[in-house]
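Undergrad: Just so it is clear, I am handing over coords-v5.pdb, which has PDB, C-alpha atoms.
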ATOM      1  CA  MET A   1     -43.892  54.054  31.377
ATOM      2  CA  GLU A   2     -43.643  54.789  35.114
ATOM      3  CA  GLY A   3     -40.157  53.307  35.130
ATOM      4  CA  LEU A   4     -38.817  56.259  33.148
ATOM      5  CA  ARG A   5     -39.406  58.886  35.821
ATOM      6  CA  ASP A   6     -36.152  60.612  36.784
ATOM      7  CA  LYS A   7     -33.991  58.283  34.686
ATOM      8  CA  VAL A   8     -31.197  60.073  32.841
ATOM      9  CA  VAL A   9     -31.322  59.224  29.141
ATOM     10  CA  LEU A  10     -28.715  60.153  26.515
ATOM     11  CA  VAL A  11     -30.066  60.134  22.952
ATOM     12  CA  THR A  12     -27.650  60.724  20.085
ATOM     13  CA  GLY A  13     -28.974  62.302  16.911
ATOM     14  CA  ALA A  14     -31.874  63.886  18.793
ATOM     15  CA  SER A  15     -32.479  66.846  16.479
ATOM     16  CA  LYS A  16     -34.659  65.071  13.912
ATOM     17  CA  GLY A  17     -36.371  61.842  12.915
ATOM     18  CA  MET A  18     -36.417  58.903  15.282
ATOM     19  CA  GLY A  19     -33.917  60.451  17.681
ATOM     20  CA  ALA A  20     -36.053  63.540  18.195
ATOM     21  CA  ALA A  21     -39.170  61.415  18.728
ATOM     22  CA  ILE A  22     -37.378  59.185  21.234
ATOM     23  CA  ALA A  23     -35.912  62.055  23.255
ATOM     24  CA  ARG A  24     -39.256  63.866  23.313
ATOM     25  CA  THR A  25     -41.172  60.738  24.320
ATOM     26  CA  VAL A  26     -38.943  59.671  27.205
ATOM     27  CA  GLY A  27     -38.941  63.278  28.411
ATOM     28  CA  GLN A  28     -42.730  63.388  28.357
ATOM     29  CA  HIS A  29     -42.719  60.313  30.606
ATOM     30  CA  GLY A  30     -40.558  62.016  33.197
ATOM     31  CA  ALA A  31     -37.009  61.167  32.173
ATOM     32  CA  ARG A  32     -34.153  63.647  32.311
ATOM     33  CA  VAL A  33     -33.002  63.847  28.707
ATOM     34  CA  ILE A  34     -29.683  64.695  27.079
ATOM     35  CA  PHE A  35     -30.350  65.808  23.507
ATOM     36  CA  HIS A  36     -27.257  65.268  21.399
ATOM     37  CA  TYR A  37     -27.019  67.102  18.074
ATOM     38  CA  ASN A  38     -24.328  67.919  15.546
ATOM     39  CA  SER A  39     -25.342  70.967  13.488
ATOM     40  CA  ASP A  40     -29.109  71.241  13.958
ATOM     41  CA  ARG A  41     -29.479  72.863  17.373
ATOM     42  CA  ALA A  42     -32.831  74.355  16.361
ATOM     43  CA  GLY A  43     -34.159  70.846  15.687
ATOM     44  CA  ALA A  44     -33.024  69.620  19.096
ATOM     45  CA  GLU A  45     -34.583  72.646  20.767
ATOM     46  CA  GLU A  46     -37.876  72.036  18.980
ATOM     47  CA  ALA A  47     -37.858  68.335  19.897
ATOM     48  CA  GLY A  48     -37.487  69.251  23.560
ATOM     49  CA  ARG A  49     -39.774  72.270  23.531
ATOM     50  CA  GLU A  50     -42.398  70.771  25.851
ATOM     51  CA  ILE A  51     -39.917  69.285  28.323
ATOM     52  CA  PRO A  52     -39.248  71.448  31.415
ATOM     53  CA  ALA A  53     -35.902  73.241  31.374
ATOM     54  CA  GLY A  54     -34.571  71.371  34.383
ATOM     55  CA  HIS A  55     -35.331  68.025  32.766
ATOM     56  CA  LYS A  56     -33.222  68.460  29.625
ATOM     57  CA  THR A  57     -29.880  69.608  28.328
ATOM     58  CA  LEU A  58     -28.498  69.958  24.799
ATOM     59  CA  ILE A  59     -24.948  68.916  23.912
ATOM     60  CA  GLN A  60     -23.291  69.416  20.536
ATOM     61  CA  ALA A  61     -20.765  66.878  19.271
ATOM     62  CA  ASP A  62     -19.545  65.886  15.814
ATOM     63  CA  MET A  63     -19.353  62.122  15.449
ATOM     64  CA  HIS A  64     -16.769  62.496  12.705
ATOM     65  CA  SER A  65     -14.299  62.563  15.612
ATOM     66  CA  LYS A  66     -13.932  59.812  18.200
ATOM     67  CA  MET A  67     -12.589  62.433  20.611
ATOM     68  CA  GLU A  68     -15.841  64.348  20.219
ATOM     69  CA  ALA A  69     -17.699  61.187  21.177
ATOM     70  CA  SER A  70     -15.666  60.932  24.368
ATOM     71  CA  ARG A  71     -16.318  64.595  25.146
ATOM     72  CA  LEU A  72     -20.038  64.060  24.606
ATOM     73  CA  TRP A  73     -20.089  61.220  27.123
ATOM     74  CA  ALA A  74     -18.092  63.205  29.691
ATOM     75  CA  GLU A  75     -20.359  66.255  29.425
ATOM     76  CA  ALA A  76     -23.503  64.124  29.465
ATOM     77  CA  LEU A  77     -22.322  62.267  32.557
ATOM     78  CA  ALA A  78     -21.399  65.499  34.330
ATOM     79  CA  TRP A  79     -24.912  66.939  33.917
ATOM     80  CA  ARG A  80     -26.538  64.709  36.547
ATOM     81  CA  GLY A  81     -23.606  62.586  37.677
ATOM     82  CA  ARG A  82     -25.021  59.494  36.032
ATOM     83  CA  ILE A  83     -26.551  58.096  32.851
ATOM     84  CA  ASP A  84     -29.144  55.329  33.111
ATOM     85  CA  VAL A  85     -30.020  54.763  29.458
ATOM     86  CA  PHE A  86     -27.956  55.259  26.304
ATOM     87  CA  VAL A  87     -29.842  55.399  22.990
ATOM     88  CA  ASN A  88     -27.274  54.938  20.236
ATOM     89  CA  ASN A  89     -29.109  56.467  17.278
ATOM     90  CA  ALA A  90     -26.991  59.023  15.362
ATOM     91  CA  ALA A  91     -25.900  57.902  11.894
ATOM     92  CA  VAL A  92     -25.331  58.965   8.305
ATOM     93  CA  MET A  93     -26.320  57.219   5.083
ATOM     94  CA  LEU A  94     -24.122  58.181   2.142
ATOM     95  CA  GLU A  95     -25.345  56.937  -1.221
ATOM     96  CA  ASN A  96     -22.424  57.922  -3.435
ATOM     97  CA  GLY A  97     -20.299  54.819  -2.904
ATOM     98  CA  PRO A  98     -21.260  52.251  -5.544
ATOM     99  CA  ILE A  99     -18.920  49.468  -6.628
ATOM    100  CA  ASP A 100     -17.935  51.386  -9.778
ATOM    101  CA  ALA A 101     -17.064  54.619  -7.934
ATOM    102  CA  ASP A 102     -13.464  55.735  -8.242
ATOM    103  CA  ASP A 103     -11.109  54.685  -5.446
ATOM    104  CA  GLU A 104     -10.973  58.107  -3.817
ATOM    105  CA  GLU A 105     -14.755  58.415  -3.579
ATOM    106  CA  TRP A 106     -15.188  54.802  -2.434
ATOM    107  CA  ASP A 107     -12.622  55.229   0.348
ATOM    108  CA  ALA A 108     -14.090  58.554   1.460
ATOM    109  CA  VAL A 109     -17.604  57.094   1.767
ATOM    110  CA  TRP A 110     -16.407  54.092   3.742
ATOM    111  CA  GLU A 111     -14.192  56.138   6.050
ATOM    112  CA  GLU A 112     -16.914  58.657   6.893
ATOM    113  CA  THR A 113     -19.651  56.056   7.275
ATOM    114  CA  LEU A 114     -17.650  53.785   9.540
ATOM    115  CA  GLN A 115     -16.408  56.713  11.624
ATOM    116  CA  VAL A 116     -19.884  58.171  12.262
ATOM    117  CA  ASN A 117     -21.911  54.952  12.377
ATOM    118  CA  LEU A 118     -19.479  52.581  14.080
ATOM    119  CA  ILE A 119     -16.233  53.963  15.498
ATOM    120  CA  ALA A 120     -17.688  56.925  17.396
ATOM    121  CA  PRO A 121     -20.687  54.893  18.635
ATOM    122  CA  ALA A 122     -18.303  52.115  19.706
ATOM    123  CA  ARG A 123     -16.461  54.655  21.851
ATOM    124  CA  LEU A 124     -19.758  55.707  23.426
ATOM    125  CA  LEU A 125     -20.844  52.102  23.973
ATOM    126  CA  ARG A 126     -17.549  51.375  25.692
ATOM    127  CA  GLU A 127     -18.040  54.358  27.994
ATOM    128  CA  ALA A 128     -21.605  53.247  28.699
ATOM    129  CA  VAL A 129     -20.616  49.697  29.639
ATOM    130  CA  ARG A 130     -17.876  50.944  31.970
ATOM    131  CA  HIS A 131     -20.260  53.354  33.664
ATOM    132  CA  PHE A 132     -23.122  50.867  33.931
ATOM    133  CA  ARG A 133     -20.910  48.175  35.465
ATOM    134  CA  GLU A 134     -19.801  50.590  38.157
ATOM    135  CA  ALA A 135     -23.361  51.819  38.712
ATOM    136  CA  GLY A 136     -24.869  48.346  39.038
ATOM    137  CA  GLY A 137     -26.580  48.317  35.659
ATOM    138  CA  GLY A 138     -27.990  50.349  32.808
ATOM    139  CA  ILE A 139     -29.736  50.106  29.451
ATOM    140  CA  ILE A 140     -28.408  50.387  25.904
ATOM    141  CA  VAL A 141     -30.590  50.644  22.808
ATOM    142  CA  SER A 142     -28.613  50.638  19.549
ATOM    143  CA  PHE A 143     -30.030  51.318  16.120
ATOM    144  CA  SER A 144     -29.169  48.926  13.348
ATOM    145  CA  SER A 145     -31.300  48.752  10.176
ATOM    146  CA  TRP A 146     -32.954  46.151   8.061
ATOM    147  CA  ALA A 147     -30.135  46.930   5.614
ATOM    148  CA  GLY A 148     -27.799  45.453   8.211
ATOM    149  CA  GLN A 149     -29.867  42.261   8.467
ATOM    150  CA  ARG A 150     -30.867  41.466   4.883
ATOM    151  CA  GLY A 151     -28.295  43.512   2.893
ATOM    152  CA  SER A 152     -28.744  46.895   1.289
ATOM    153  CA  THR A 153     -31.015  47.255  -1.739
ATOM    154  CA  ASN A 154     -29.171  50.464  -2.625
ATOM    155  CA  PRO A 155     -25.845  49.713  -4.364
ATOM    156  CA  GLY A 156     -24.571  53.147  -3.419
ATOM    157  CA  ALA A 157     -25.030  52.528   0.304
ATOM    158  CA  PHE A 158     -23.115  49.317   0.949
ATOM    159  CA  ALA A 159     -21.060  51.070   3.629
ATOM    160  CA  TYR A 160     -24.227  52.048   5.492
ATOM    161  CA  GLY A 161     -25.600  48.504   5.588
ATOM    162  CA  THR A 162     -22.228  47.148   6.683
ATOM    163  CA  SER A 163     -21.903  49.679   9.489
ATOM    164  CA  LYS A 164     -25.378  48.825  10.749
ATOM    165  CA  ALA A 165     -24.597  45.103  10.761
ATOM    166  CA  ALA A 166     -21.453  45.836  12.753
ATOM    167  CA  ILE A 167     -23.225  47.949  15.380
ATOM    168  CA  LYS A 168     -25.730  45.119  15.810
ATOM    169  CA  ALA A 169     -22.908  42.633  16.408
ATOM    170  CA  LEU A 170     -21.185  44.931  18.888
ATOM    171  CA  THR A 171     -24.379  45.552  20.863
ATOM    172  CA  GLN A 172     -25.187  41.846  20.968
ATOM    173  CA  SER A 173     -21.654  41.118  22.165
ATOM    174  CA  ILE A 174     -22.154  43.612  24.984
ATOM    175  CA  ALA A 175     -25.434  41.932  25.888
ATOM    176  CA  ARG A 176     -23.859  38.477  26.037
ATOM    177  CA  ASN A 177     -20.847  39.522  28.067
ATOM    178  CA  TYR A 178     -22.316  41.987  30.551
ATOM    179  CA  ALA A 179     -25.888  40.859  31.264
ATOM    180  CA  ARG A 180     -24.749  39.502  34.641
ATOM    181  CA  ASP A 181     -23.590  43.019  35.501
ATOM    182  CA  GLY A 182     -27.061  44.399  34.833
ATOM    183  CA  VAL A 183     -26.185  45.858  31.426
ATOM    184  CA  LEU A 184     -29.284  45.308  29.293
ATOM    185  CA  ALA A 185     -28.531  45.871  25.606
ATOM    186  CA  TYR A 186     -31.058  45.790  22.770
ATOM    187  CA  VAL A 187     -31.001  46.368  19.011
ATOM    188  CA  ILE A 188     -33.695  48.104  16.977
ATOM    189  CA  ALA A 189     -33.641  47.316  13.236
ATOM    190  CA  PRO A 190     -36.040  49.733  11.516
ATOM    191  CA  GLY A 191     -37.304  49.364   7.995
ATOM    192  CA  LEU A 192     -38.741  52.333   6.152
ATOM    193  CA  ILE A 193     -39.604  54.911   8.817
ATOM    194  CA  HIS A 194     -40.786  58.395   7.822
ATOM    195  CA  THR A 195     -37.563  60.382   8.287
ATOM    196  CA  GLN A 196     -35.409  62.610   6.110
ATOM    197  CA  MET A 197     -33.006  59.708   5.605
ATOM    198  CA  SER A 198     -35.823  57.461   4.341
ATOM    199  CA  GLU A 199     -37.148  60.185   2.060
ATOM    200  CA  THR A 200     -33.687  60.512   0.507
ATOM    201  CA  PHE A 201     -33.461  56.746   0.113
ATOM    202  CA  MET A 202     -36.905  56.574  -1.501
ATOM    203  CA  LYS A 203     -36.048  59.234  -4.069
ATOM    204  CA  SER A 204     -32.903  57.355  -5.039
ATOM    205  CA  GLN A 205     -34.859  54.103  -5.472
ATOM    206  CA  GLY A 206     -37.607  55.285  -7.810
ATOM    207  CA  GLY A 207     -39.987  57.247  -5.610
ATOM    208  CA  GLN A 208     -42.746  56.639  -3.096
ATOM    209  CA  GLU A 209     -45.213  54.831  -5.339
ATOM    210  CA  LYS A 210     -42.638  52.260  -6.405
ATOM    211  CA  ILE A 211     -41.281  51.639  -2.905
ATOM    212  CA  PHE A 212     -44.680  51.474  -1.193
ATOM    213  CA  LYS A 213     -45.720  48.673  -3.578
ATOM    214  CA  GLU A 214     -42.916  46.582  -2.083
ATOM    215  CA  LEU A 215     -44.004  47.130   1.532
ATOM    216  CA  ALA A 216     -46.378  44.635   3.160
ATOM    217  CA  MET A 217     -48.472  47.421   4.690
ATOM    218  CA  GLY A 218     -48.073  49.728   1.714
ATOM    219  CA  GLU A 219     -46.882  52.554   3.943
ATOM    220  CA  TRP A 220     -43.934  53.592   6.045
ATOM    221  CA  GLY A 221     -43.765  53.557   9.815
ATOM    222  CA  SER A 222     -43.764  56.606  12.033
ATOM    223  CA  PRO A 223     -40.890  57.737  14.265
ATOM    224  CA  GLN A 224     -43.358  57.775  17.143
ATOM    225  CA  GLU A 225     -43.951  54.028  16.859
ATOM    226  CA  VAL A 226     -40.220  53.473  17.195
ATOM    227  CA  ALA A 227     -39.998  55.955  20.066
ATOM    228  CA  ASP A 228     -42.688  54.105  22.011
ATOM    229  CA  ILE A 229     -40.763  50.844  21.692
ATOM    230  CA  VAL A 230     -37.531  52.464  22.877
ATOM    231  CA  ALA A 231     -39.321  54.135  25.777
ATOM    232  CA  PHE A 232     -40.624  50.754  26.937
ATOM    233  CA  LEU A 233     -37.165  49.186  26.742
ATOM    234  CA  ALA A 234     -35.775  52.139  28.688
ATOM    235  CA  THR A 235     -38.091  51.406  31.616
ATOM    236  CA  GLY A 236     -36.127  48.243  32.375
ATOM    237  CA  LYS A 237     -39.257  46.084  32.246
ATOM    238  CA  ALA A 238     -37.955  43.878  29.433
ATOM    239  CA  ARG A 239     -34.951  42.361  31.220
ATOM    240  CA  TYR A 240     -35.222  38.905  29.693
ATOM    241  CA  MET A 241     -35.360  40.378  26.200
ATOM    242  CA  ALA A 242     -31.772  41.593  26.622
ATOM    243  CA  GLY A 243     -29.765  40.912  23.466
ATOM    244  CA  ALA A 244     -32.848  40.867  21.243
ATOM    245  CA  THR A 245     -33.094  42.532  17.861
ATOM    246  CA  LEU A 246     -36.503  44.117  17.317
ATOM    247  CA  ASP A 247     -37.501  44.362  13.649
ATOM    248  CA  VAL A 248     -39.723  47.366  13.009
ATOM    249  CA  ASN A 249     -40.650  47.147   9.343
ATOM    250  CA  GLY A 250     -44.372  46.474   9.033
ATOM    251  CA  ALA A 251     -44.002  42.763   8.166
ATOM    252  CA  THR A 252     -42.024  43.459   5.000
ATOM    253  CA  TYR A 253     -38.936  41.607   6.222
ATOM    254  CA  ILE A 254     -39.635  38.664   8.506
ATOM    255  CA  ARG A 255     -36.952  36.267   9.755
TER
END
Show this structure as structure tokens.

TA:
Amino acid sequence: MEGLRDKVVLVTGASKGMGAAIARTVGQHGARVIFHYNSDRAGAEEAGREIPAGHKTLIQADMHSKMEASRLWAEALAWRGRIDVFVNNAAVMLENGPIDADDEEWDAVWEETLQVNLIAPARLLREAVRHFREAGGGIIVSFSSWAGQRGSTNPGAFAYGTSKAAIKALTQSIARNYARDGVLAYVIAPGLIHTQMSETFMKSQGGQEKIFKELAMGEWGSPQEVADIVAFLATGKARYMAGATLDVNGATYIR
């Protein structure tokens, strides 16, 4: 991971789960890390506990507002005067939007999900592409989900799966259009990774024993496995993989 040393990496949703593991891992390999969080500052502080003070900064922003997304990018960019890698991770999964929900609840779930998972990230991706083109290149890693590739198995979370399919399409479009400018964009599509979001999903789908029977490895993946993949992509050593979607689901969904 020598290629990470002194790179400036912005990780959204870095207070828990995969985001925390990614931010911690790239920091341990010498990157300067911007830990984005919304409400869990303590989680972001814990994730960056072992990273030297001069190699990290924490920035709060609420992705329910596209203006907050723009402020996040501006403050992140001002910290070191550049950003080399953008890890587009922050998201919500609301499970109270089934087909038979009332109109008010259905609309609320879709509006919040698309705002946090797509509209605010799209603003950040736009800022990243503009900056990277001026800087002569940069790296984007966006998080989709296997729900965005195969469809959601949770009828209450159709908005989540849709938003993750859309962020995949946007990231791939960036890869196709700006690879010549040195903008290397990748998509990670995790399956069941051991995070709070996955624990919530598992409870809603019948519990661990039931879900693990459906997994090829009979277990969920660890955030660290995902973090190691992102750290490698962030080194810039996988140039010709630009545009790829990496499925991380333990062989349960193969395409």

Undergrad: Write out as JSON lines a residue-level contact list of region 32-108 of chain A versus region 234-248 of chain A with cut-off 9 Å: for each qualifying residue the closest pair of atoms and the distance in Å to one decimal, counting all atoms listed in the file, rows sorted by chain and residue number upward.

TA:
{"residue": "A:Asp84", "atom": "CA", "partner": "A:Ala234", "partner_atom": "CA", "distance": 8.6}
{"residue": "A:Val85", "atom": "CA", "partner": "A:Ala234", "partner_atom": "CA", "distance": 6.4}
{"residue": "A:Phe86", "atom": "CA", "partner": "A:Ala234", "partner_atom": "CA", "distance": 8.7}
{"residue": "A:Val87", "atom": "CA", "partner": "A:Ala234", "partner_atom": "CA", "distance": 8.8}

Undergrad: Let me know the residues the PyMOL selection byres ((chain A and resi 149) around 9) catches in the file above, as a list in words.

TA: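 Those residues are Ser144, Ser145, Trp146, Ala147, Gly148, Arg150, Gly151, Ser152, Gly161, Lys164, Ala165, Lys168 and Ala189 of chain A.
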
Undergrad: Got a sec to resolve the PyMOL selection byres ((chain A and resi 36) around 12) on this structure and send the residues as a PyMOL selection string?

TA: chain A and resi 9-16+19-20+22-23+33-35+37-45+47-48+56-63+68-69+71-73+75-76+86-90

Undergrad: So how far away is CA of Ile174 (chain A) from CA of Thr153 (chain A), in Å?

TA: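 CA of Ile174 (chain A) lies 28.4 Å from CA of Thr153 (chain A).
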
Undergrad: As a check of understanding, name the residues that the PyMOL selection byres ((chain A and resi 178) around 12) selects in the supplied structure, as a list of chain:residue names.

TA: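 This file, filtered by the PyMOL selection byres ((chain A and resi 178) around 12), leaves A:Arg126, A:Ala128, A:Val129, A:Arg130, A:His131, A:Phe132, A:Arg133, A:Glu134, A:Gly136, A:Gly137, A:Gly138, A:Ile139, A:Ile140, A:Thr171, A:Gln172, A:Ser173, A:Ile174, A:Ala175, A:Arg176, A:Asn177, A:Ala179, A:Arg180, A:Asp181, A:Gly182, A:Val183, A:Leu184, A:Ala185, A:Ala242, A:Gly243.
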
Undergrad: Would you mind reading off the distance between CA of Ile167 (chain A) and CA of Thr200 (chain A), one decimal, in Å?

TA: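 Going from CA of Ile167 (chain A) over to CA of Thr200 (chain A), I get 22.1 Å.
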
Undergrad: Please provide as a VMD selection string all residues within 9 Å of Gly17 (chain A), with the sequence filter that same-chain residues fewer than 6 positions apart are discarded (counting all atoms listed in the file).

TA: chain A and resid 193 to 197 223

Undergrad: Complete region 184-210 of chain A at the level of N, CA and C atoms, written as a tab-separated table (two decimals), in the frame of the given file.

TA:
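What follows is the written file selection35.tsv:
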chain	number	residue	atom	x	y	z
A	184	LEU	N	-28.26	45.84	30.19
A	184	LEU	CA	-29.28	45.31	29.29
A	184	LEU	C	-29.16	46.01	27.95
A	185	ALA	N	-28.77	45.28	26.92
A	185	ALA	CA	-28.53	45.87	25.61
A	185	ALA	C	-29.49	45.29	24.59
A	186	TYR	N	-30.07	46.17	23.78
A	186	TYR	CA	-31.06	45.79	22.77
A	186	TYR	C	-30.68	46.43	21.43
A	187	VAL	N	-31.20	45.84	20.36
A	187	VAL	CA	-31.00	46.37	19.01
A	187	VAL	C	-32.36	46.62	18.38
A	188	ILE	N	-32.52	47.80	17.79
A	188	ILE	CA	-33.70	48.10	16.98
A	188	ILE	C	-33.25	48.11	15.52
A	189	ALA	N	-33.97	47.37	14.67
A	189	ALA	CA	-33.64	47.32	13.24
A	189	ALA	C	-34.83	47.85	12.45
A	190	PRO	N	-34.89	49.16	12.23
A	190	PRO	CA	-36.04	49.73	11.52
A	190	PRO	C	-35.99	49.43	10.03
A	191	GLY	N	-37.18	49.38	9.44
A	191	GLY	CA	-37.30	49.36	8.00
A	191	GLY	C	-37.49	50.78	7.51
A	192	LEU	N	-38.51	51.01	6.72
A	192	LEU	CA	-38.74	52.33	6.15
A	192	LEU	C	-39.60	53.15	7.12
A	193	ILE	N	-38.94	54.03	7.86
A	193	ILE	CA	-39.60	54.91	8.82
A	193	ILE	C	-39.59	56.32	8.23
A	194	HIS	N	-40.64	57.09	8.47
A	194	HIS	CA	-40.79	58.40	7.82
A	194	HIS	C	-39.82	59.41	8.43
A	195	THR	N	-38.61	59.44	7.88
A	195	THR	CA	-37.56	60.38	8.29
A	195	THR	C	-36.94	60.99	7.04
A	196	GLN	N	-36.12	62.01	7.25
A	196	GLN	CA	-35.41	62.61	6.11
A	196	GLN	C	-34.53	61.59	5.41
A	197	MET	N	-33.88	60.73	6.19
A	197	MET	CA	-33.01	59.71	5.60
A	197	MET	C	-33.80	58.77	4.70
A	198	SER	N	-34.99	58.36	5.15
A	198	SER	CA	-35.82	57.46	4.34
A	198	SER	C	-36.37	58.16	3.10
A	199	GLU	N	-36.69	59.43	3.23
A	199	GLU	CA	-37.15	60.18	2.06
A	199	GLU	C	-36.05	60.26	1.00
A	200	THR	N	-34.82	60.48	1.44
A	200	THR	CA	-33.69	60.51	0.51
A	200	THR	C	-33.51	59.16	-0.16
A	201	PHE	N	-33.59	58.10	0.65
A	201	PHE	CA	-33.46	56.75	0.11
A	201	PHE	C	-34.55	56.47	-0.92
A	202	MET	N	-35.78	56.85	-0.62
A	202	MET	CA	-36.90	56.57	-1.50
A	202	MET	C	-36.73	57.27	-2.85
A	203	LYS	N	-36.27	58.50	-2.82
A	203	LYS	CA	-36.05	59.23	-4.07
A	203	LYS	C	-35.00	58.55	-4.93
A	204	SER	N	-33.97	58.00	-4.29
A	204	SER	CA	-32.90	57.36	-5.04
A	204	SER	C	-33.32	56.00	-5.60
A	205	GLN	N	-34.43	55.44	-5.07
A	205	GLN	CA	-34.86	54.10	-5.47
A	205	GLN	C	-36.12	54.09	-6.34
A	206	GLY	N	-36.49	55.25	-6.87
A	206	GLY	CA	-37.61	55.28	-7.81
A	206	GLY	C	-38.86	55.95	-7.33
A	207	GLY	N	-38.84	56.48	-6.09
A	207	GLY	CA	-39.99	57.25	-5.61
A	207	GLY	C	-40.93	56.47	-4.72
A	208	GLN	N	-41.85	57.20	-4.10
A	208	GLN	CA	-42.75	56.64	-3.10
A	208	GLN	C	-43.66	55.56	-3.65
A	209	GLU	N	-44.26	55.80	-4.79
A	209	GLU	CA	-45.21	54.83	-5.34
A	209	GLU	C	-44.55	53.48	-5.57
A	210	LYS	N	-43.36	53.50	-6.13
A	210	LYS	CA	-42.64	52.26	-6.40
A	210	LYS	C	-42.27	51.53	-5.11
